[in-house]
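Student: Dropping the structure in here first, questions after.
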Amino acid sequence: METLERYEPLVDDFEAFLEACRRPLPSVVRVNTIKATPERATAALDEEGVGWTDREWSDTVLELDTDSPGSTWASYHGWIHGQEEVSAIPAEVLAPEPGERVWDACAAPGSKTTQLAALMDDEGLVVANDNNLGRLSALRFNTERLGVTNAAVTNADARNFSLKPFDLDAFDKALVDVPCSCEGTVRKNPTALDDWTMDHVRSVAGVQKGILRRAVQATREGGTVVYSTCTFAPEENEAVLDHVLAEEDCRLVEFDVGLDSRPGVTEWDGQEFDESVRKARRFYPHHNDTGGFFCAKLEVAG
Ligand SMILES: C[S@@+](CC[C@H](N)C(=O)[O-])C[C@H]1O[C@@H](n2cnc3c(N)ncnc32)[C@H](O)[C@@H]1O
């Protein structure tokens, strides 16, 4: 937990934050509305004797009283999908409509791709891209298991993604769930911080800037881009937004998903960021009993 000490100036009730980071995560699933309604999924859980509770902010997120949600009948049927609560935020913020064309720039293993497809009633197009060929099999497995038919899978570096293979000039929306230093996943994976280095934070921040810039370029005027990480480091969050706001024609917009969160920070380590990065939201583990997360919503200008 020493790595997290650097965030003491940013986090209220730092002891409660550290204490939450040491606790395991609750077991959370998302109902896959391509195959089932929340009523059907919860009835199946009831029948199997698996307890569940609603999460107030979302109709489809449930906490289960089992540590192995993947072994339930509802999961075998593809009616539920194990997905950390904060991981369900970005697709809700992007809010794709049926028929839209959406780019999921860093998609494997597909939790958010399949959530986007469900929000779109499996209509339109989700281009689910990842540069790691090995992770694409999990992405394909999840899309098939959950009954998604509107997704096309691509294997490319998102920083120079080409639209040529598709019959379109630009996407309506893009989800940019980038690779990161994963500090916020320490509750799920207690060794997540073992290999943390500042060099890795700096190098992954360069990749994040390139991917977010390409997403803004590949999205139509007036379209929406959502940027997310599962880390606390401002170098990978607000600093990336600050860079892209300066380089591309876009602006940040406010959002509220109904979970407790804090605004983006405008100063860090002697650096000042564009004031508008306050519109991004930081989700800390002790506020909603979740993993740590960062999410920002951008509107593409002309
Ligand atoms: C946080 S994970 C994505 C999780 C996924 N969105 C989900 O919800 O299941 C980040 C992904 O980015 C991919 N990645 C890393 N660098 C990339 C790049 N330059 N272009 C595209 N994908 C990249 C990694 O292989 C990894 O699968």
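In the structure tokens, the first chain shown is A, the next is B, and so on; residue numbers restart at 1 for each chain, and ligands run from 1 in the order shown.
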Would you mind listing the residues within 6 Å of ligand 1, counting only C-alpha atoms and all ligand atoms, as a VMD selection string?

Tutor: chain A and resid 105 to 112 130 to 132 157 to 159 177 to 179

Student: Take the residues just selected and output them with N, CA and C atoms as a compact mmCIF listing (two decimals), in the first residue's frame.

Tutor:
# COMPACT_ATOMS: atom_id res chain seq x y z
N ALA A 105 -12.15 1.18 -28.23
CA ALA A 105 -10.76 1.22 -28.68
C ALA A 105 -9.86 0.17 -28.04
N CYS A 106 -10.12 -0.14 -26.76
CA CYS A 106 -9.30 -1.12 -26.01
C CYS A 106 -10.30 -2.07 -25.35
N ALA A 107 -10.68 -3.11 -26.06
CA ALA A 107 -11.94 -3.80 -25.73
C ALA A 107 -11.80 -5.09 -24.94
N ALA A 108 -10.65 -5.77 -25.01
CA ALA A 108 -10.55 -7.11 -24.40
C ALA A 108 -10.45 -7.01 -22.87
N PRO A 109 -11.10 -7.92 -22.12
CA PRO A 109 -11.81 -9.11 -22.57
C PRO A 109 -13.30 -8.91 -22.88
N GLY A 110 -13.78 -7.68 -22.95
CA GLY A 110 -15.11 -7.48 -23.50
C GLY A 110 -16.24 -7.16 -22.54
N SER A 111 -15.94 -6.89 -21.28
CA SER A 111 -17.03 -6.55 -20.36
C SER A 111 -17.80 -5.32 -20.86
N LYS A 112 -17.04 -4.32 -21.30
CA LYS A 112 -17.72 -3.08 -21.71
C LYS A 112 -18.27 -3.21 -23.13
N ASP A 130 -8.63 -4.45 -29.98
CA ASP A 130 -7.57 -4.57 -28.97
C ASP A 130 -6.29 -4.93 -29.69
N ASN A 131 -5.16 -4.41 -29.21
CA ASN A 131 -3.90 -4.70 -29.91
C ASN A 131 -3.29 -6.02 -29.47
N ASN A 132 -3.88 -6.64 -28.42
CA ASN A 132 -3.30 -7.88 -27.90
C ASN A 132 -4.07 -9.08 -28.42
N ASP A 157 -3.33 -1.43 -33.22
CA ASP A 157 -2.92 -0.43 -32.24
C ASP A 157 -3.89 0.74 -32.37
N ALA A 158 -4.61 1.04 -31.31
CA ALA A 158 -5.65 2.07 -31.37
C ALA A 158 -5.08 3.44 -31.73
N ARG A 159 -3.78 3.65 -31.50
CA ARG A 159 -3.20 4.97 -31.74
C ARG A 159 -3.19 5.33 -33.22
N ASP A 177 -11.12 2.84 -22.88
CA ASP A 177 -10.86 2.22 -21.56
C ASP A 177 -9.42 1.71 -21.60
N VAL A 178 -8.50 2.62 -21.35
CA VAL A 178 -7.09 2.39 -21.69
C VAL A 178 -6.34 1.43 -20.75
N PRO A 179 -5.20 0.89 -21.25
CA PRO A 179 -4.29 0.18 -20.34
C PRO A 179 -3.76 1.21 -19.34

Student: Per DSSP on the backbone, filter stretch 109-302 of chain A down to the residues in strand (DSSP E) and report them as a PDB file with N, CA and C atoms, in the first residue's frame.

Tutor:
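Once everything was written out, this is states-v6.pdb:
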ATOM      1  N   LEU A 125     -23.606  -0.927 -34.666  1.00  0.00           N
ATOM      2  CA  LEU A 125     -22.279  -1.560 -34.796  1.00  0.00           C
ATOM      3  C   LEU A 125     -21.367  -1.149 -33.645  1.00  0.00           C
ATOM      4  N   VAL A 126     -20.763  -2.158 -33.022  1.00  0.00           N
ATOM      5  CA  VAL A 126     -19.680  -1.895 -32.066  1.00  0.00           C
ATOM      6  C   VAL A 126     -18.411  -2.482 -32.674  1.00  0.00           C
ATOM      7  N   VAL A 127     -17.427  -1.628 -32.948  1.00  0.00           N
ATOM      8  CA  VAL A 127     -16.130  -2.127 -33.401  1.00  0.00           C
ATOM      9  C   VAL A 127     -15.267  -2.297 -32.150  1.00  0.00           C
ATOM     10  N   ALA A 128     -15.034  -3.566 -31.805  1.00  0.00           N
ATOM     11  CA  ALA A 128     -14.314  -3.899 -30.571  1.00  0.00           C
ATOM     12  C   ALA A 128     -12.870  -4.208 -30.925  1.00  0.00           C
ATOM     13  N   ASN A 129     -11.984  -3.296 -30.573  1.00  0.00           N
ATOM     14  CA  ASN A 129     -10.576  -3.417 -30.976  1.00  0.00           C
ATOM     15  C   ASN A 129      -9.670  -3.673 -29.770  1.00  0.00           C
ATOM     16  N   ALA A 151     -21.260  -6.833 -32.964  1.00  0.00           N
ATOM     17  CA  ALA A 151     -19.864  -6.441 -32.749  1.00  0.00           C
ATOM     18  C   ALA A 151     -18.956  -7.009 -33.837  1.00  0.00           C
ATOM     19  N   ALA A 152     -17.997  -6.172 -34.278  1.00  0.00           N
ATOM     20  CA  ALA A 152     -16.921  -6.624 -35.176  1.00  0.00           C
ATOM     21  C   ALA A 152     -15.631  -6.500 -34.388  1.00  0.00           C
ATOM     22  N   VAL A 153     -14.812  -7.556 -34.420  1.00  0.00           N
ATOM     23  CA  VAL A 153     -13.579  -7.556 -33.621  1.00  0.00           C
ATOM     24  C   VAL A 153     -12.387  -7.216 -34.510  1.00  0.00           C
ATOM     25  N   THR A 154     -11.553  -6.263 -34.070  1.00  0.00           N
ATOM     26  CA  THR A 154     -10.345  -5.908 -34.822  1.00  0.00           C
ATOM     27  C   THR A 154      -9.125  -5.983 -33.916  1.00  0.00           C
ATOM     28  N   PHE A 171     -17.021   7.522 -36.248  1.00  0.00           N
ATOM     29  CA  PHE A 171     -17.942   6.872 -35.308  1.00  0.00           C
ATOM     30  C   PHE A 171     -18.851   7.930 -34.665  1.00  0.00           C
ATOM     31  N   ASP A 172     -20.007   7.462 -34.175  1.00  0.00           N
ATOM     32  CA  ASP A 172     -20.880   8.364 -33.402  1.00  0.00           C
ATOM     33  C   ASP A 172     -20.322   8.546 -31.990  1.00  0.00           C
ATOM     34  N   LYS A 173     -19.767   7.475 -31.463  1.00  0.00           N
ATOM     35  CA  LYS A 173     -19.289   7.491 -30.080  1.00  0.00           C
ATOM     36  C   LYS A 173     -18.062   6.591 -29.955  1.00  0.00           C
ATOM     37  N   ALA A 174     -17.241   6.869 -28.951  1.00  0.00           N
ATOM     38  CA  ALA A 174     -16.080   5.998 -28.708  1.00  0.00           C
ATOM     39  C   ALA A 174     -15.855   5.821 -27.210  1.00  0.00           C
ATOM     40  N   LEU A 175     -15.467   4.595 -26.863  1.00  0.00           N
ATOM     41  CA  LEU A 175     -15.121   4.270 -25.476  1.00  0.00           C
ATOM     42  C   LEU A 175     -13.615   4.018 -25.436  1.00  0.00           C
ATOM     43  N   VAL A 176     -12.930   4.705 -24.532  1.00  0.00           N
ATOM     44  CA  VAL A 176     -11.473   4.624 -24.468  1.00  0.00           C
ATOM     45  C   VAL A 176     -11.088   4.160 -23.061  1.00  0.00           C
ATOM     46  N   ASP A 177     -11.123   2.843 -22.876  1.00  0.00           N
ATOM     47  CA  ASP A 177     -10.862   2.222 -21.563  1.00  0.00           C
ATOM     48  C   ASP A 177      -9.416   1.707 -21.599  1.00  0.00           C
ATOM     49  N   THR A 219     -14.127  10.267 -34.168  1.00  0.00           N
ATOM     50  CA  THR A 219     -15.532  10.447 -33.760  1.00  0.00           C
ATOM     51  C   THR A 219     -16.093  11.693 -34.440  1.00  0.00           C
ATOM     52  N   ARG A 220     -17.336  11.609 -34.880  1.00  0.00           N
ATOM     53  CA  ARG A 220     -17.935  12.719 -35.649  1.00  0.00           C
ATOM     54  C   ARG A 220     -18.118  13.964 -34.771  1.00  0.00           C
ATOM     55  N   GLU A 221     -18.256  15.105 -35.426  1.00  0.00           N
ATOM     56  CA  GLU A 221     -18.531  16.362 -34.731  1.00  0.00           C
ATOM     57  C   GLU A 221     -19.818  16.212 -33.912  1.00  0.00           C
ATOM     58  N   GLY A 222     -19.795  16.601 -32.692  1.00  0.00           N
ATOM     59  CA  GLY A 222     -20.979  16.463 -31.825  1.00  0.00           C
ATOM     60  C   GLY A 222     -21.064  15.099 -31.156  1.00  0.00           C
ATOM     61  N   GLY A 223     -20.179  14.183 -31.558  1.00  0.00           N
ATOM     62  CA  GLY A 223     -20.171  12.842 -30.955  1.00  0.00           C
ATOM     63  C   GLY A 223     -19.525  12.853 -29.569  1.00  0.00           C
ATOM     64  N   THR A 224     -19.613  11.699 -28.905  1.00  0.00           N
ATOM     65  CA  THR A 224     -19.129  11.603 -27.518  1.00  0.00           C
ATOM     66  C   THR A 224     -17.998  10.603 -27.414  1.00  0.00           C
ATOM     67  N   VAL A 225     -16.998  10.952 -26.603  1.00  0.00           N
ATOM     68  CA  VAL A 225     -15.899  10.035 -26.291  1.00  0.00           C
ATOM     69  C   VAL A 225     -15.827   9.914 -24.773  1.00  0.00           C
ATOM     70  N   VAL A 226     -15.781   8.694 -24.272  1.00  0.00           N
ATOM     71  CA  VAL A 226     -15.621   8.493 -22.823  1.00  0.00           C
ATOM     72  C   VAL A 226     -14.257   7.876 -22.568  1.00  0.00           C
ATOM     73  N   TYR A 227     -13.510   8.495 -21.636  1.00  0.00           N
ATOM     74  CA  TYR A 227     -12.160   8.040 -21.271  1.00  0.00           C
ATOM     75  C   TYR A 227     -12.208   7.451 -19.862  1.00  0.00           C
ATOM     76  N   SER A 228     -11.617   6.259 -19.670  1.00  0.00           N
ATOM     77  CA  SER A 228     -11.631   5.694 -18.316  1.00  0.00           C
ATOM     78  C   SER A 228     -10.341   4.939 -18.014  1.00  0.00           C
ATOM     79  N   THR A 229      -9.993   4.929 -16.707  1.00  0.00           N
ATOM     80  CA  THR A 229      -8.879   4.118 -16.214  1.00  0.00           C
ATOM     81  C   THR A 229      -9.303   3.531 -14.871  1.00  0.00           C
ATOM     82  N   CYS A 250     -12.055  19.408 -28.851  1.00  0.00           N
ATOM     83  CA  CYS A 250     -13.034  18.717 -28.011  1.00  0.00           C
ATOM     84  C   CYS A 250     -13.138  19.436 -26.669  1.00  0.00           C
ATOM     85  N   ARG A 251     -14.199  19.107 -25.906  1.00  0.00           N
ATOM     86  CA  ARG A 251     -14.349  19.725 -24.579  1.00  0.00           C
ATOM     87  C   ARG A 251     -14.915  18.697 -23.621  1.00  0.00           C
ATOM     88  N   LEU A 252     -14.651  18.928 -22.344  1.00  0.00           N
ATOM     89  CA  LEU A 252     -15.185  18.012 -21.329  1.00  0.00           C
ATOM     90  C   LEU A 252     -16.596  18.418 -20.958  1.00  0.00           C
ATOM     91  N   VAL A 253     -17.451  17.432 -20.667  1.00  0.00           N
ATOM     92  CA  VAL A 253     -18.811  17.731 -20.209  1.00  0.00           C
ATOM     93  C   VAL A 253     -19.079  17.002 -18.878  1.00  0.00           C
ATOM     94  N   ARG A 262     -15.647  12.221  -6.744  1.00  0.00           N
ATOM     95  CA  ARG A 262     -14.984  13.507  -6.526  1.00  0.00           C
ATOM     96  C   ARG A 262     -14.559  14.074  -7.869  1.00  0.00           C
ATOM     97  N   PRO A 263     -14.467  15.421  -7.977  1.00  0.00           N
ATOM     98  CA  PRO A 263     -14.064  16.003  -9.267  1.00  0.00           C
ATOM     99  C   PRO A 263     -12.608  15.703  -9.617  1.00  0.00           C
ATOM    100  N   GLU A 267      -4.415  20.362 -10.130  1.00  0.00           N
ATOM    101  CA  GLU A 267      -2.982  20.542  -9.834  1.00  0.00           C
ATOM    102  C   GLU A 267      -2.405  19.253  -9.324  1.00  0.00           C
ATOM    103  N   TRP A 268      -1.212  18.923  -9.762  1.00  0.00           N
ATOM    104  CA  TRP A 268      -0.550  17.720  -9.250  1.00  0.00           C
ATOM    105  C   TRP A 268       0.949  17.815  -9.522  1.00  0.00           C
ATOM    106  N   GLN A 271       2.341  20.584 -11.487  1.00  0.00           N
ATOM    107  CA  GLN A 271       1.731  20.826 -12.812  1.00  0.00           C
ATOM    108  C   GLN A 271       0.310  21.328 -12.636  1.00  0.00           C
ATOM    109  N   GLU A 272      -0.100  22.263 -13.477  1.00  0.00           N
ATOM    110  CA  GLU A 272      -1.501  22.713 -13.438  1.00  0.00           C
ATOM    111  C   GLU A 272      -2.200  22.242 -14.699  1.00  0.00           C
ATOM    112  N   ARG A 281     -14.637  12.555 -13.215  1.00  0.00           N
ATOM    113  CA  ARG A 281     -15.002  12.076 -11.861  1.00  0.00           C
ATOM    114  C   ARG A 281     -14.019  11.009 -11.392  1.00  0.00           C
ATOM    115  N   ARG A 282     -13.633  11.111 -10.121  1.00  0.00           N
ATOM    116  CA  ARG A 282     -12.772  10.124  -9.445  1.00  0.00           C
ATOM    117  C   ARG A 282     -13.640   9.301  -8.507  1.00  0.00           C
ATOM    118  N   PHE A 283     -13.550   7.995  -8.623  1.00  0.00           N
ATOM    119  CA  PHE A 283     -14.339   7.079  -7.781  1.00  0.00           C
ATOM    120  C   PHE A 283     -13.367   6.369  -6.839  1.00  0.00           C
ATOM    121  N   PHE A 293     -11.523   4.132  -9.630  1.00  0.00           N
ATOM    122  CA  PHE A 293     -11.822   4.343 -11.045  1.00  0.00           C
ATOM    123  C   PHE A 293     -11.763   5.827 -11.381  1.00  0.00           C
ATOM    124  N   PHE A 294     -11.558   6.113 -12.675  1.00  0.00           N
ATOM    125  CA  PHE A 294     -11.559   7.490 -13.182  1.00  0.00           C
ATOM    126  C   PHE A 294     -12.336   7.492 -14.481  1.00  0.00           C
ATOM    127  N   CYS A 295     -13.185   8.494 -14.675  1.00  0.00           N
ATOM    128  CA  CYS A 295     -13.985   8.536 -15.905  1.00  0.00           C
ATOM    129  C   CYS A 295     -14.210   9.985 -16.341  1.00  0.00           C
ATOM    130  N   ALA A 296     -14.088  10.214 -17.640  1.00  0.00           N
ATOM    131  CA  ALA A 296     -14.319  11.558 -18.192  1.00  0.00           C
ATOM    132  C   ALA A 296     -15.146  11.443 -19.473  1.00  0.00           C
ATOM    133  N   LYS A 297     -16.006  12.450 -19.684  1.00  0.00           N
ATOM    134  CA  LYS A 297     -16.863  12.459 -20.884  1.00  0.00           C
ATOM    135  C   LYS A 297     -16.475  13.662 -21.745  1.00  0.00           C
ATOM    136  N   LEU A 298     -16.181  13.426 -23.009  1.00  0.00           N
ATOM    137  CA  LEU A 298     -15.787  14.517 -23.907  1.00  0.00           C
ATOM    138  C   LEU A 298     -16.777  14.636 -25.065  1.00  0.00           C
ATOM    139  N   GLU A 299     -17.002  15.881 -25.500  1.00  0.00           N
ATOM    140  CA  GLU A 299     -17.805  16.110 -26.695  1.00  0.00           C
ATOM    141  C   GLU A 299     -16.866  16.589 -27.789  1.00  0.00           C
ATOM    142  N   VAL A 300     -16.999  16.000 -28.966  1.00  0.00           N
ATOM    143  CA  VAL A 300     -16.119  16.360 -30.069  1.00  0.00           C
ATOM    144  C   VAL A 300     -16.672  17.619 -30.759  1.00  0.00           C
TER     145      VAL A 300
END

Student: If you take only C-alpha atoms and a cut-off of 12 Å, which residues of stretch 117-178 of chain A touch stretch 29-36 of chain A, and what are their nearest atom pairs and distances in Å to one decimal, in chain and number order, as a tab-separated table?

Tutor:
residue	atom	partner	partner_atom	distance
A:Ala117	CA	A:Ile34	CA	8.0
A:Ala118	CA	A:Ile34	CA	5.4
A:Leu119	CA	A:Thr33	CA	8.0
A:Met120	CA	A:Ile34	CA	9.3
A:Asp121	CA	A:Ile34	CA	6.5
A:Asp122	CA	A:Ile34	CA	6.9
A:Glu123	CA	A:Ile34	CA	10.5
A:Asn142	CA	A:Asn32	CA	11.2
A:Thr143	CA	A:Ile34	CA	10.7
A:Glu144	CA	A:Ile34	CA	11.4
A:Arg145	CA	A:Lys35	CA	9.9
A:Leu146	CA	A:Asn32	CA	6.8
A:Gly147	CA	A:Ile34	CA	6.6
A:Val148	CA	A:Ile34	CA	7.3
A:Thr149	CA	A:Ile34	CA	9.8
A:Asn150	CA	A:Ile34	CA	11.1

Student: Taking the DSSP assignment computed from this structure's backbone, write out as a ChimeraX atom specification all residues of stretch 43-180 of chain A that belong to helix (DSSP H, G or I).

Tutor: /A:43-48,69-71,73-76,85-94,111-119,133-145,158-160

Student: Could you give me, as a ChimeraX atom specification, the residues within 9 Å of stretch 57-62 of chain A, counting only C-alpha atoms and dropping anything in the same chain fewer than 4 positions from it?

Tutor: /A:27-33,37-38,42,52-53,83,85,88,92,257-259

Student: Which neighbours of A:Ser276 fall inside 10 Å, counting only C-alpha atoms, when residues of the same chain fewer than 3 positions from it are skipped, and could you give them as a ChimeraX atom specification?

Tutor: /A:238,241-242,245,251-254,263-266,273,279-280

Student: Using all heavy atoms, can you export the residues from the last selection as a CSV table (one decimal), in the first residue's frame?

Tutor:
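Everything below was put into out-v8.csv:
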chain,number,residue,atom,x,y,z
A,238,GLU,N,-6.0,13.2,-15.3
A,238,GLU,CA,-6.2,14.6,-15.7
A,238,GLU,C,-5.1,15.1,-16.7
A,238,GLU,O,-5.4,15.9,-17.5
A,238,GLU,CB,-6.2,15.5,-14.4
A,238,GLU,CG,-7.4,15.3,-13.6
A,238,GLU,CD,-7.3,14.1,-12.6
A,238,GLU,OE1,-6.3,13.3,-12.7
A,238,GLU,OE2,-8.2,14.0,-11.7
A,241,LEU,N,-6.0,14.1,-20.1
A,241,LEU,CA,-7.1,15.0,-20.6
A,241,LEU,C,-6.6,16.3,-21.0
A,241,LEU,O,-6.9,16.9,-22.1
A,241,LEU,CB,-8.2,15.1,-19.5
A,241,LEU,CG,-8.9,13.9,-19.1
A,241,LEU,CD1,-9.9,14.2,-18.0
A,241,LEU,CD2,-9.7,13.2,-20.3
A,242,ASP,N,-5.7,16.9,-20.1
A,242,ASP,CA,-5.2,18.2,-20.4
A,242,ASP,C,-4.4,18.2,-21.7
A,242,ASP,O,-4.6,19.2,-22.5
A,242,ASP,CB,-4.2,18.5,-19.2
A,242,ASP,CG,-3.6,19.9,-19.3
A,242,ASP,OD1,-4.4,20.9,-19.1
A,242,ASP,OD2,-2.4,20.0,-19.6
A,245,LEU,N,-7.0,17.9,-24.6
A,245,LEU,CA,-7.8,19.2,-24.8
A,245,LEU,C,-7.0,20.2,-25.6
A,245,LEU,O,-7.5,21.0,-26.3
A,245,LEU,CB,-8.2,19.7,-23.4
A,245,LEU,CG,-9.3,19.0,-22.6
A,245,LEU,CD1,-9.3,19.5,-21.2
A,245,LEU,CD2,-10.6,19.1,-23.3
A,251,ARG,N,-14.2,19.1,-25.9
A,251,ARG,CA,-14.3,19.7,-24.6
A,251,ARG,C,-14.9,18.7,-23.6
A,251,ARG,O,-15.6,17.7,-24.0
A,251,ARG,CB,-15.2,21.0,-24.7
A,251,ARG,CG,-16.6,20.7,-25.1
A,251,ARG,CD,-17.5,21.9,-25.2
A,251,ARG,NE,-18.9,21.5,-25.4
A,251,ARG,CZ,-19.8,21.5,-24.4
A,251,ARG,NH1,-19.5,21.9,-23.2
A,251,ARG,NH2,-21.1,21.0,-24.7
A,252,LEU,N,-14.7,18.9,-22.3
A,252,LEU,CA,-15.2,18.0,-21.3
A,252,LEU,C,-16.6,18.4,-21.0
A,252,LEU,O,-16.9,19.6,-20.9
A,252,LEU,CB,-14.3,18.1,-20.1
A,252,LEU,CG,-13.0,17.2,-20.2
A,252,LEU,CD1,-12.0,17.7,-19.2
A,252,LEU,CD2,-13.3,15.8,-20.1
A,253,VAL,N,-17.5,17.4,-20.7
A,253,VAL,CA,-18.8,17.7,-20.2
A,253,VAL,C,-19.1,17.0,-18.9
A,253,VAL,O,-18.5,16.0,-18.6
A,253,VAL,CB,-19.9,17.4,-21.3
A,253,VAL,CG1,-19.9,18.3,-22.4
A,253,VAL,CG2,-19.8,15.9,-21.7
A,254,GLU,N,-20.0,17.6,-18.1
A,254,GLU,CA,-20.3,17.0,-16.8
A,254,GLU,C,-21.2,15.8,-17.0
A,254,GLU,O,-21.9,15.6,-17.9
A,254,GLU,CB,-21.2,18.0,-16.0
A,254,GLU,CG,-20.7,19.4,-15.9
A,254,GLU,CD,-20.2,19.8,-14.6
A,254,GLU,OE1,-20.2,18.9,-13.7
A,254,GLU,OE2,-19.9,21.0,-14.4
A,263,PRO,N,-14.5,15.4,-8.0
A,263,PRO,CA,-14.1,16.0,-9.3
A,263,PRO,C,-12.6,15.7,-9.6
A,263,PRO,O,-11.8,15.4,-8.7
A,263,PRO,CB,-14.2,17.5,-9.0
A,263,PRO,CG,-14.3,17.7,-7.6
A,263,PRO,CD,-14.7,16.4,-6.9
A,264,GLY,N,-12.3,15.8,-10.9
A,264,GLY,CA,-10.9,15.7,-11.3
A,264,GLY,C,-10.0,16.8,-10.6
A,264,GLY,O,-10.6,17.8,-10.3
A,265,VAL,N,-8.7,16.5,-10.5
A,265,VAL,CA,-7.9,17.5,-9.8
A,265,VAL,C,-7.2,18.4,-10.8
A,265,VAL,O,-6.8,18.0,-11.9
A,265,VAL,CB,-6.8,16.8,-8.9
A,265,VAL,CG1,-7.5,16.0,-7.8
A,265,VAL,CG2,-5.9,15.9,-9.7
A,266,THR,N,-7.0,19.7,-10.5
A,266,THR,CA,-6.5,20.7,-11.4
A,266,THR,C,-5.0,20.9,-11.2
A,266,THR,O,-4.4,21.7,-12.0
A,266,THR,CB,-7.3,22.0,-11.4
A,266,THR,OG1,-7.3,22.4,-10.0
A,266,THR,CG2,-8.7,21.8,-11.9
A,273,PHE,N,-3.5,21.8,-14.5
A,273,PHE,CA,-4.2,21.3,-15.7
A,273,PHE,C,-5.4,22.3,-16.0
A,273,PHE,O,-5.8,23.1,-15.2
A,273,PHE,CB,-4.8,20.0,-15.3
A,273,PHE,CG,-3.8,19.0,-14.9
A,273,PHE,CD1,-4.0,18.3,-13.7
A,273,PHE,CD2,-2.6,18.7,-15.6
A,273,PHE,CE1,-3.1,17.4,-13.2
A,273,PHE,CE2,-1.7,17.8,-15.2
A,273,PHE,CZ,-1.9,17.1,-14.0
A,279,LYS,N,-14.5,18.4,-14.4
A,279,LYS,CA,-15.7,17.7,-14.9
A,279,LYS,C,-15.6,16.2,-14.9
A,279,LYS,O,-16.6,15.5,-15.0
A,279,LYS,CB,-16.2,18.3,-16.3
A,279,LYS,CG,-16.6,19.7,-16.2
A,279,LYS,CD,-17.0,20.3,-17.5
A,279,LYS,CE,-17.4,21.7,-17.4
A,279,LYS,NZ,-17.5,22.4,-18.7
A,280,ALA,N,-14.3,15.8,-14.9
A,280,ALA,CA,-14.1,14.3,-14.8
A,280,ALA,C,-14.4,13.9,-13.4
A,280,ALA,O,-14.5,14.7,-12.5
A,280,ALA,CB,-12.6,14.0,-15.2

Student: Do you have the atom CA of A:Asp195-atom CA of A:Ser137 distance handy?

Tutor: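 Atom CA of A:Ser137 lies 26.0 Å from atom CA of A:Asp195.
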
Student: One decimal, in Å: what's the spacing between atom CA of A:Phe141 and atom CA of A:Thr114?

Tutor: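 Taking atom CA of A:Phe141 and atom CA of A:Thr114, their separation equals 10.8 Å.
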
Student: Closest to A:Asp260 among A:Asp289, A:Glu275, A:Asp54, A:Asp46, using only C-alpha atoms?

Tutor: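 Smallest separation from A:Asp260 among the options: A:Asp289.
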
Student: Measuring between only C-alpha atoms, which one of A:Ala95, A:Val240, A:Ala215, A:Leu133 shows the shortest distance to A:Ser203?

Tutor: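 For A:Ser203, the nearest of the given residues is A:Val240.
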
Student: Please indicate the distance in Å from atom CA of A:Tyr76 to atom CA of A:Pro24, rounded to one decimal place.

Tutor: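 Going from atom CA of A:Tyr76 over to atom CA of A:Pro24, I get 24.4 Å.
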
Student: What lies within 8 Å of A:Tyr284 using only C-alpha atoms, ignoring chain neighbours under 4 positions off, as a compact mmCIF listing (two decimals) with N, CA and C atoms, in the first residue's frame?

Tutor:
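The resulting out33.txt:
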# COMPACT_ATOMS: atom_id res chain seq x y z
N PHE A 17 -9.82 5.17 3.18
CA PHE A 17 -9.44 4.80 1.80
C PHE A 17 -8.50 3.58 1.83
N SER A 261 -18.73 10.44 -5.95
CA SER A 261 -17.45 10.62 -6.66
C SER A 261 -16.88 11.99 -6.33
N ASN A 288 -18.02 4.09 -2.25
CA ASN A 288 -19.13 3.24 -2.71
C ASN A 288 -18.85 1.75 -2.50
N THR A 290 -16.23 -0.01 -3.72
CA THR A 290 -15.91 -0.51 -5.06
C THR A 290 -14.39 -0.50 -5.25
N GLY A 291 -13.95 -0.82 -6.47
CA GLY A 291 -12.57 -0.56 -6.85
C GLY A 291 -12.39 0.93 -7.12
N GLY A 292 -11.15 1.33 -7.39
CA GLY A 292 -10.90 2.73 -7.73
C GLY A 292 -11.05 2.94 -9.23
N PHE A 293 -11.52 4.13 -9.63
CA PHE A 293 -11.82 4.34 -11.05
C PHE A 293 -11.76 5.83 -11.38
